[in-house]
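Asker: As input, take query_12.pdb (PDB, C-alpha atoms):
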```
MODEL        1
ATOM      1  CA  PHE R  26      60.023  -7.611  53.592  1.00  0.00           C
ATOM      2  CA  VAL R  27      58.076  -4.478  52.690  1.00  0.00           C
ATOM      3  CA  SER R  28      60.278  -2.674  50.184  1.00  0.00           C
ATOM      4  CA  LYS R  29      57.626  -2.653  47.445  1.00  0.00           C
ATOM      5  CA  ASP R  30      54.858  -1.154  49.556  1.00  0.00           C
ATOM      6  CA  LYS R  31      54.122   2.310  48.115  1.00  0.00           C
ATOM      7  CA  LYS R  32      52.534   3.605  51.315  1.00  0.00           C
ATOM      8  CA  LEU R  33      55.608   2.584  53.327  1.00  0.00           C
ATOM      9  CA  LYS R  34      57.862   4.320  50.807  1.00  0.00           C
ATOM     10  CA  LYS R  35      55.920   7.574  51.265  1.00  0.00           C
ATOM     11  CA  LEU R  36      55.807   7.205  55.073  1.00  0.00           C
ATOM     12  CA  SER R  37      59.552   6.475  55.229  1.00  0.00           C
ATOM     13  CA  TYR R  38      60.327   9.461  53.026  1.00  0.00           C
ATOM     14  CA  ASP R  39      58.166  11.775  55.162  1.00  0.00           C
ATOM     15  CA  LEU R  40      59.526  10.330  58.426  1.00  0.00           C
ATOM     16  CA  ASN R  41      63.141  10.814  57.372  1.00  0.00           C
ATOM     17  CA  ASN R  42      62.420  14.361  56.180  1.00  0.00           C
ATOM     18  CA  ASP R  43      60.678  15.207  59.474  1.00  0.00           C
ATOM     19  CA  LEU R  44      63.651  13.811  61.403  1.00  0.00           C
ATOM     20  CA  GLU R  45      66.041  15.864  59.277  1.00  0.00           C
ATOM     21  CA  ARG R  46      64.077  19.050  59.989  1.00  0.00           C
ATOM     22  CA  ALA R  47      63.888  18.239  63.718  1.00  0.00           C
ATOM     23  CA  VAL R  48      67.642  17.674  63.927  1.00  0.00           C
ATOM     24  CA  LYS R  49      68.339  20.971  62.136  1.00  0.00           C
ATOM     25  CA  ARG R  50      66.290  22.970  64.658  1.00  0.00           C
ATOM     26  CA  THR R  51      67.715  21.120  67.691  1.00  0.00           C
ATOM     27  CA  LYS R  52      70.958  21.789  69.510  1.00  0.00           C
ATOM     28  CA  ILE R  53      72.080  18.227  68.921  1.00  0.00           C
ATOM     29  CA  ASN R  54      75.066  18.470  71.296  1.00  0.00           C
ATOM     30  CA  ASN R  55      72.646  18.991  74.206  1.00  0.00           C
ATOM     31  CA  ILE R  56      70.950  15.639  73.649  1.00  0.00           C
ATOM     32  CA  GLY R  57      71.996  12.429  75.395  1.00  0.00           C
ATOM     33  CA  GLY R  58      73.620  10.052  72.950  1.00  0.00           C
ATOM     34  CA  SER R  59      74.876  12.797  70.654  1.00  0.00           C
ATOM     35  CA  ILE R  60      78.553  12.189  71.441  1.00  0.00           C
ATOM     36  CA  ILE R  61      78.269   8.558  70.413  1.00  0.00           C
ATOM     37  CA  GLY R  62      75.955   9.485  67.559  1.00  0.00           C
ATOM     38  CA  ASN R  63      73.007   7.175  68.295  1.00  0.00           C
ATOM     39  CA  LEU R  64      69.811   8.793  69.511  1.00  0.00           C
ATOM     40  CA  ASN R  65      66.596   7.124  70.619  1.00  0.00           C
ATOM     41  CA  VAL R  66      63.762   8.693  68.657  1.00  0.00           C
ATOM     42  CA  TYR R  67      60.010   8.336  68.995  1.00  0.00           C
ATOM     43  CA  PRO R  68      58.528   8.026  65.478  1.00  0.00           C
ATOM     44  CA  GLY R  69      55.271   9.795  66.343  1.00  0.00           C
ATOM     45  CA  LYS R  70      52.380   9.317  63.933  1.00  0.00           C
ATOM     46  CA  TYR R  71      54.530   7.189  61.622  1.00  0.00           C
ATOM     47  CA  GLY R  72      54.902   4.335  64.109  1.00  0.00           C
ATOM     48  CA  LEU R  73      51.318   3.110  64.036  1.00  0.00           C
ATOM     49  CA  GLU R  74      50.993   3.515  60.257  1.00  0.00           C
ATOM     50  CA  ILE R  75      54.176   1.556  59.555  1.00  0.00           C
ATOM     51  CA  PHE R  76      53.158  -1.113  62.063  1.00  0.00           C
ATOM     52  CA  LYS R  77      49.813  -1.531  60.259  1.00  0.00           C
ATOM     53  CA  ILE R  78      51.693  -2.115  57.006  1.00  0.00           C
ATOM     54  CA  LEU R  79      53.901  -4.745  58.654  1.00  0.00           C
ATOM     55  CA  LYS R  80      50.851  -6.553  59.995  1.00  0.00           C
ATOM     56  CA  ARG R  81      49.175  -6.434  56.589  1.00  0.00           C
ATOM     57  CA  LYS R  82      52.320  -7.959  55.057  1.00  0.00           C
ATOM     58  CA  GLY R  83      52.371 -10.844  57.566  1.00  0.00           C
ATOM     59  CA  LEU R  84      54.405  -9.747  60.576  1.00  0.00           C
ATOM     60  CA  ASP R  85      51.835 -11.382  62.859  1.00  0.00           C
ATOM     61  CA  LYS R  86      52.506 -14.778  61.206  1.00  0.00           C
ATOM     62  CA  ILE R  87      56.263 -14.359  61.641  1.00  0.00           C
ATOM     63  CA  ILE R  88      55.891 -13.446  65.328  1.00  0.00           C
ATOM     64  CA  LYS R  89      53.606 -16.479  65.832  1.00  0.00           C
ATOM     65  CA  GLU R  90      56.198 -18.714  64.154  1.00  0.00           C
ATOM     66  CA  ILE R  91      59.048 -17.333  66.288  1.00  0.00           C
ATOM     67  CA  THR R  92      57.284 -17.139  69.651  1.00  0.00           C
ATOM     68  CA  GLY R  93      54.306 -19.472  69.378  1.00  0.00           C
ATOM     69  CA  LYS R  94      52.130 -16.528  70.436  1.00  0.00           C
ATOM     70  CA  ASN R  95      49.764 -14.223  68.596  1.00  0.00           C
ATOM     71  CA  ILE R  96      50.905 -10.650  68.135  1.00  0.00           C
ATOM     72  CA  ASN R  97      47.895  -9.634  70.271  1.00  0.00           C
ATOM     73  CA  SER R  98      49.672 -11.322  73.217  1.00  0.00           C
ATOM     74  CA  PHE R  99      52.137  -8.431  73.244  1.00  0.00           C
ATOM     75  CA  ASP R 100      52.036  -4.795  74.306  1.00  0.00           C
ATOM     76  CA  ILE R 101      53.757  -2.845  71.547  1.00  0.00           C
ATOM     77  CA  LEU R 102      55.798   0.330  71.945  1.00  0.00           C
ATOM     78  CA  PHE R 103      57.236   2.374  69.091  1.00  0.00           C
ATOM     79  CA  GLY R 104      60.703   3.841  68.977  1.00  0.00           C
ATOM     80  CA  GLY R 105      63.752   3.997  66.798  1.00  0.00           C
ATOM     81  CA  ASN R 106      67.423   4.757  66.455  1.00  0.00           C
ATOM     82  CA  LEU R 107      68.823   7.759  64.633  1.00  0.00           C
ATOM     83  CA  SER R 108      72.491   7.428  63.728  1.00  0.00           C
ATOM     84  CA  ILE R 109      74.169  10.785  63.240  1.00  0.00           C
ATOM     85  CA  PRO R 110      77.232  10.994  60.984  1.00  0.00           C
ATOM     86  CA  PHE R 111      80.721  10.857  62.455  1.00  0.00           C
ATOM     87  CA  GLY R 112      79.935   9.764  66.004  1.00  0.00           C
ATOM     88  CA  HIS R 113      81.532   6.783  67.695  1.00  0.00           C
ATOM     89  CA  ASN R 114      80.811   3.111  68.206  1.00  0.00           C
ATOM     90  CA  GLN R 115      78.435   2.442  71.064  1.00  0.00           C
ATOM     91  CA  HIS R 116      79.568   0.105  73.816  1.00  0.00           C
ATOM     92  CA  PHE R 117      78.131  -3.369  73.408  1.00  0.00           C
ATOM     93  CA  HIS R 118      74.947  -3.741  75.420  1.00  0.00           C
ATOM     94  CA  THR R 119      71.641  -5.542  75.718  1.00  0.00           C
ATOM     95  CA  ASP R 120      68.264  -3.839  75.874  1.00  0.00           C
ATOM     96  CA  GLY R 121      67.076  -5.217  79.184  1.00  0.00           C
ATOM     97  CA  ASN R 122      67.213  -7.997  81.712  1.00  0.00           C
ATOM     98  CA  PHE R 123      67.836 -11.519  80.417  1.00  0.00           C
ATOM     99  CA  LYS R 124      64.683 -12.816  82.134  1.00  0.00           C
ATOM    100  CA  ASP R 125      62.401 -10.176  80.608  1.00  0.00           C
ATOM    101  CA  LYS R 126      60.231 -11.202  77.668  1.00  0.00           C
ATOM    102  CA  MET R 127      60.697  -8.690  74.865  1.00  0.00           C
ATOM    103  CA  ILE R 128      61.278  -8.925  71.138  1.00  0.00           C
ATOM    104  CA  LEU R 129      62.453  -6.051  68.958  1.00  0.00           C
ATOM    105  CA  VAL R 130      61.454  -5.580  65.352  1.00  0.00           C
ATOM    106  CA  ASN R 131      63.477  -3.019  63.401  1.00  0.00           C
ATOM    107  CA  VAL R 132      62.544  -1.827  59.931  1.00  0.00           C
ATOM    108  CA  ALA R 133      65.016  -0.065  57.661  1.00  0.00           C
ATOM    109  CA  THR R 134      63.453   3.197  56.467  1.00  0.00           C
ATOM    110  CA  SER R 135      66.425   3.583  54.105  1.00  0.00           C
ATOM    111  CA  ASN R 136      69.379   1.475  53.013  1.00  0.00           C
ATOM    112  CA  VAL R 137      71.857   0.707  55.809  1.00  0.00           C
ATOM    113  CA  GLY R 138      75.301  -0.028  54.427  1.00  0.00           C
ATOM    114  CA  LEU R 139      78.626  -0.581  56.136  1.00  0.00           C
ATOM    115  CA  ASN R 140      79.292   3.188  56.105  1.00  0.00           C
ATOM    116  CA  SER R 141      75.934   4.322  57.531  1.00  0.00           C
ATOM    117  CA  GLY R 142      76.238   3.015  61.080  1.00  0.00           C
ATOM    118  CA  PRO R 143      74.847  -0.520  60.912  1.00  0.00           C
ATOM    119  CA  THR R 144      73.984  -2.449  64.039  1.00  0.00           C
ATOM    120  CA  GLU R 145      76.738  -4.874  64.988  1.00  0.00           C
ATOM    121  CA  ILE R 146      75.670  -8.023  66.818  1.00  0.00           C
ATOM    122  CA  VAL R 147      77.542 -10.697  68.706  1.00  0.00           C
ATOM    123  CA  LEU R 148      76.441 -13.979  67.189  1.00  0.00           C
ATOM    124  CA  LYS R 149      74.687 -16.429  69.551  1.00  0.00           C
ATOM    125  CA  SER R 150      75.045 -14.025  72.481  1.00  0.00           C
ATOM    126  CA  HIS R 151      71.301 -14.260  73.234  1.00  0.00           C
ATOM    127  CA  ARG R 152      71.523 -17.916  74.232  1.00  0.00           C
ATOM    128  CA  ASN R 153      72.992 -17.550  77.713  1.00  0.00           C
ATOM    129  CA  TYR R 154      72.888 -14.924  80.406  1.00  0.00           C
ATOM    130  CA  LEU R 155      76.220 -13.124  80.694  1.00  0.00           C
ATOM    131  CA  LYS R 156      77.254 -10.450  83.137  1.00  0.00           C
ATOM    132  CA  TYR R 157      79.092  -7.589  81.472  1.00  0.00           C
ATOM    133  CA  TRP R 158      82.495  -8.700  82.721  1.00  0.00           C
ATOM    134  CA  GLN R 159      81.801 -12.230  81.422  1.00  0.00           C
ATOM    135  CA  PHE R 160      80.807 -10.798  78.074  1.00  0.00           C
ATOM    136  CA  LEU R 161      84.050  -8.797  77.911  1.00  0.00           C
ATOM    137  CA  ILE R 162      86.309 -11.839  78.329  1.00  0.00           C
ATOM    138  CA  LYS R 163      84.250 -14.254  76.224  1.00  0.00           C
ATOM    139  CA  LYS R 164      85.454 -15.161  72.739  1.00  0.00           C
ATOM    140  CA  LYS R 165      83.045 -13.570  70.247  1.00  0.00           C
ATOM    141  CA  LYS R 166      82.025 -13.562  66.612  1.00  0.00           C
ATOM    142  CA  TYR R 167      80.646 -10.278  65.294  1.00  0.00           C
ATOM    143  CA  LYS R 168      78.391  -9.415  62.369  1.00  0.00           C
ATOM    144  CA  LYS R 169      77.363  -6.008  61.033  1.00  0.00           C
ATOM    145  CA  LEU R 170      73.782  -6.046  59.805  1.00  0.00           C
ATOM    146  CA  THR R 171      73.513  -4.245  56.494  1.00  0.00           C
ATOM    147  CA  LEU R 172      69.959  -3.745  55.311  1.00  0.00           C
ATOM    148  CA  SER R 173      68.080  -2.717  52.242  1.00  0.00           C
ATOM    149  CA  TYR R 174      65.154  -0.371  52.576  1.00  0.00           C
ATOM    150  CA  GLY R 175      62.167  -2.329  53.924  1.00  0.00           C
ATOM    151  CA  ASP R 176      64.217  -5.143  55.503  1.00  0.00           C
ATOM    152  CA  LEU R 177      63.416  -6.358  59.015  1.00  0.00           C
ATOM    153  CA  ILE R 178      65.598  -7.323  61.938  1.00  0.00           C
ATOM    154  CA  ILE R 179      63.783  -9.392  64.545  1.00  0.00           C
ATOM    155  CA  ARG R 180      65.780 -10.115  67.679  1.00  0.00           C
ATOM    156  CA  ASN R 181      65.611 -10.849  71.360  1.00  0.00           C
ATOM    157  CA  HIS R 182      66.289  -7.822  73.498  1.00  0.00           C
ATOM    158  CA  PHE R 183      69.165  -9.549  75.274  1.00  0.00           C
ATOM    159  CA  LEU R 184      71.246 -10.054  72.140  1.00  0.00           C
ATOM    160  CA  TRP R 185      74.515  -8.171  72.699  1.00  0.00           C
ATOM    161  CA  HIS R 186      74.804  -5.438  70.079  1.00  0.00           C
ATOM    162  CA  ARG R 187      75.930  -1.883  69.407  1.00  0.00           C
ATOM    163  CA  GLY R 188      75.472   0.916  66.952  1.00  0.00           C
ATOM    164  CA  THR R 189      78.562   1.554  64.867  1.00  0.00           C
ATOM    165  CA  VAL R 190      80.021   4.758  63.478  1.00  0.00           C
ATOM    166  CA  ASN R 191      78.014   6.364  60.710  1.00  0.00           C
ATOM    167  CA  LYS R 192      80.767   7.334  58.263  1.00  0.00           C
ATOM    168  CA  SER R 193      78.356   8.622  55.639  1.00  0.00           C
ATOM    169  CA  LYS R 194      77.138  12.190  55.423  1.00  0.00           C
ATOM    170  CA  LYS R 195      73.484  11.147  55.876  1.00  0.00           C
ATOM    171  CA  LYS R 196      71.582  10.402  59.045  1.00  0.00           C
ATOM    172  CA  ARG R 197      70.253   6.851  59.264  1.00  0.00           C
ATOM    173  CA  PHE R 198      67.026   5.843  61.035  1.00  0.00           C
ATOM    174  CA  LEU R 199      65.756   2.408  62.004  1.00  0.00           C
ATOM    175  CA  ILE R 200      62.211   2.349  63.322  1.00  0.00           C
ATOM    176  CA  ALA R 201      61.711  -0.067  66.214  1.00  0.00           C
ATOM    177  CA  PHE R 202      58.717  -1.948  67.527  1.00  0.00           C
ATOM    178  CA  LEU R 203      59.197  -3.328  71.021  1.00  0.00           C
ATOM    179  CA  LEU R 204      56.953  -6.301  71.767  1.00  0.00           C
ATOM    180  CA  PHE R 205      56.474  -6.992  75.501  1.00  0.00           C
ATOM    181  CA  GLU R 206      54.635 -10.128  76.565  1.00  0.00           C
ATOM    182  CA  LYS R 207      51.421  -9.167  78.365  1.00  0.00           C
TER     183      LYS R 207
ENDMDL
END
```
Using structure tokens, write down the structure from this file.

Answerer:
Amino acid sequence: FVSKDKKLKKLSYDLNNDLERAVKRTKINNIGGSIIGNLNVYPGKYGLEIFKILKRKGLDKIIKEITGKNINSFDILFGGNLSIPFGHNQHFHTDGNFKDKMILVNVATSNVGLNSGPTEIVLKSHRNYLKYWQFLIKKKKYKKLTLSYGDLIIRNHFLWHRGTVNKSKKKRFLIAFLLFEK
């Protein structure tokens, strides 16, 4: 979606370097999520700049096509997921209540291959509300989402998913934009 944008390339490079430095000076084992290997990370100054690039490239048109609403109809929060090497698979989960109105937009700030902890989704699991025990016994089809730098994932928050083990030696970061209906 935005892989050829030179400003995004520079921002992604700087963001990933800043994350690397922050991880090195942090006692990572004292942070929630470190055992599994997936940490929620606030992207700081990079969030707004990357979001501006996405809008310039047409994200607002895509959101309008998907939801029927203008992007200005949403409150937008910035976040992201840092996958640390050699953790564990997360448990499958959703990111909120089924009745909430939220869409997540992830952008790959680097390539995400099968070995770098891709997000694994349960196909069509966003269509019906399922309690956790119902989800556990339901027959499922899974898909790991590999991405090239600059690719987008746009999903409902109630899609069942998990972070998988990052078997590479490099940390992997996906920036996230959470769109809440106003």

Asker: Can you translate the PyMOL selection byres ((chain R and resi 79) around 10) into the concrete residues it hits in this file, as a PyMOL selection string?

Answerer: chain R and resi 26-27+30+33+73-78+80-85+132+175+177

Asker: Hey, can you spit out that residue selection with C-alpha atoms as a short mmCIF file (atom, residue, chain, number, x, y, z; two decimals), keeping the file's coordinate frame?

Answerer:
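Result went into selection_38.cif, see below:
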```
data_model
loop_
_atom_site.label_atom_id
_atom_site.label_comp_id
_atom_site.auth_asym_id
_atom_site.auth_seq_id
_atom_site.Cartn_x
_atom_site.Cartn_y
_atom_site.Cartn_z
CA PHE R 26 60.02 -7.61 53.59
CA VAL R 27 58.08 -4.48 52.69
CA ASP R 30 54.86 -1.15 49.56
CA LEU R 33 55.61 2.58 53.33
CA LEU R 73 51.32 3.11 64.04
CA GLU R 74 50.99 3.52 60.26
CA ILE R 75 54.18 1.56 59.56
CA PHE R 76 53.16 -1.11 62.06
CA LYS R 77 49.81 -1.53 60.26
CA ILE R 78 51.69 -2.12 57.01
CA LYS R 80 50.85 -6.55 60.00
CA ARG R 81 49.18 -6.43 56.59
CA LYS R 82 52.32 -7.96 55.06
CA GLY R 83 52.37 -10.84 57.57
CA LEU R 84 54.40 -9.75 60.58
CA ASP R 85 51.84 -11.38 62.86
CA VAL R 132 62.54 -1.83 59.93
CA GLY R 175 62.17 -2.33 53.92
CA LEU R 177 63.42 -6.36 59.02
#
```

Asker: Please evaluate the PyMOL selection byres ((chain R and resi 109-126) around 9) against the displayed coordinates and give the resulting residues as JSON, numbers by chain.

Answerer: {"R": [59, 60, 61, 62, 63, 64, 107, 108, 127, 128, 141, 142, 145, 146, 147, 151, 153, 154, 155, 157, 181, 182, 183, 184, 185, 186, 187, 188, 189, 190, 191, 192, 193, 194, 195, 196, 197, 198, 204, 205, 206]}

Asker: The selected residues should be written to file as a PDB file, keeping the file's coordinate frame (atoms: C-alpha atoms).

Answerer:
```pdb
ATOM      1  CA  SER R  59      74.876  12.797  70.654  1.00  0.00           C
ATOM      2  CA  ILE R  60      78.553  12.189  71.441  1.00  0.00           C
ATOM      3  CA  ILE R  61      78.269   8.558  70.413  1.00  0.00           C
ATOM      4  CA  GLY R  62      75.955   9.485  67.559  1.00  0.00           C
ATOM      5  CA  ASN R  63      73.007   7.175  68.295  1.00  0.00           C
ATOM      6  CA  LEU R  64      69.811   8.793  69.511  1.00  0.00           C
ATOM      7  CA  LEU R 107      68.823   7.759  64.633  1.00  0.00           C
ATOM      8  CA  SER R 108      72.491   7.428  63.728  1.00  0.00           C
ATOM      9  CA  MET R 127      60.697  -8.690  74.865  1.00  0.00           C
ATOM     10  CA  ILE R 128      61.278  -8.925  71.138  1.00  0.00           C
ATOM     11  CA  SER R 141      75.934   4.322  57.531  1.00  0.00           C
ATOM     12  CA  GLY R 142      76.238   3.015  61.080  1.00  0.00           C
ATOM     13  CA  GLU R 145      76.738  -4.874  64.988  1.00  0.00           C
ATOM     14  CA  ILE R 146      75.670  -8.023  66.818  1.00  0.00           C
ATOM     15  CA  VAL R 147      77.542 -10.697  68.706  1.00  0.00           C
ATOM     16  CA  HIS R 151      71.301 -14.260  73.234  1.00  0.00           C
ATOM     17  CA  ASN R 153      72.992 -17.550  77.713  1.00  0.00           C
ATOM     18  CA  TYR R 154      72.888 -14.924  80.406  1.00  0.00           C
ATOM     19  CA  LEU R 155      76.220 -13.124  80.694  1.00  0.00           C
ATOM     20  CA  TYR R 157      79.092  -7.589  81.472  1.00  0.00           C
ATOM     21  CA  ASN R 181      65.611 -10.849  71.360  1.00  0.00           C
ATOM     22  CA  HIS R 182      66.289  -7.822  73.498  1.00  0.00           C
ATOM     23  CA  PHE R 183      69.165  -9.549  75.274  1.00  0.00           C
ATOM     24  CA  LEU R 184      71.246 -10.054  72.140  1.00  0.00           C
ATOM     25  CA  TRP R 185      74.515  -8.171  72.699  1.00  0.00           C
ATOM     26  CA  HIS R 186      74.804  -5.438  70.079  1.00  0.00           C
ATOM     27  CA  ARG R 187      75.930  -1.883  69.407  1.00  0.00           C
ATOM     28  CA  GLY R 188      75.472   0.916  66.952  1.00  0.00           C
ATOM     29  CA  THR R 189      78.562   1.554  64.867  1.00  0.00           C
ATOM     30  CA  VAL R 190      80.021   4.758  63.478  1.00  0.00           C
ATOM     31  CA  ASN R 191      78.014   6.364  60.710  1.00  0.00           C
ATOM     32  CA  LYS R 192      80.767   7.334  58.263  1.00  0.00           C
ATOM     33  CA  SER R 193      78.356   8.622  55.639  1.00  0.00           C
ATOM     34  CA  LYS R 194      77.138  12.190  55.423  1.00  0.00           C
ATOM     35  CA  LYS R 195      73.484  11.147  55.876  1.00  0.00           C
ATOM     36  CA  LYS R 196      71.582  10.402  59.045  1.00  0.00           C
ATOM     37  CA  ARG R 197      70.253   6.851  59.264  1.00  0.00           C
ATOM     38  CA  PHE R 198      67.026   5.843  61.035  1.00  0.00           C
ATOM     39  CA  LEU R 204      56.953  -6.301  71.767  1.00  0.00           C
ATOM     40  CA  PHE R 205      56.474  -6.992  75.501  1.00  0.00           C
ATOM     41  CA  GLU R 206      54.635 -10.128  76.565  1.00  0.00           C
TER      42      GLU R 206
END
```

Asker: Please measure the separation of atom CA of Leu161 of chain R and atom CA of Gly104 of chain R, giving the value in Å to one decimal.

Answerer: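 One can read the atom CA of Leu161 of chain R to atom CA of Gly104 of chain R distance as 28.0 Å.
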
Asker: Around all the atoms of segment 59-69 of chain R listed in the file, draw an axis-aligned box and extend it by 3 Å on each of the six sides; I want its centre and edge lengths in Å to one decimal, as lines of an AutoDock Vina configuration file.

Answerer:
```
center_x = 66.9
center_y = 10.0
center_z = 68.5
size_x = 29.3
size_y = 11.7
size_z = 12.0
```

Asker: Pick out the closest residue to Lys70 of chain R from this set: R:Tyr38, R:Phe103, R:Tyr174, R:Phe202. Count only C-alpha atoms.

Answerer: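 Of the candidates, the smallest distance to Lys70 of chain R is held by R:Phe103.
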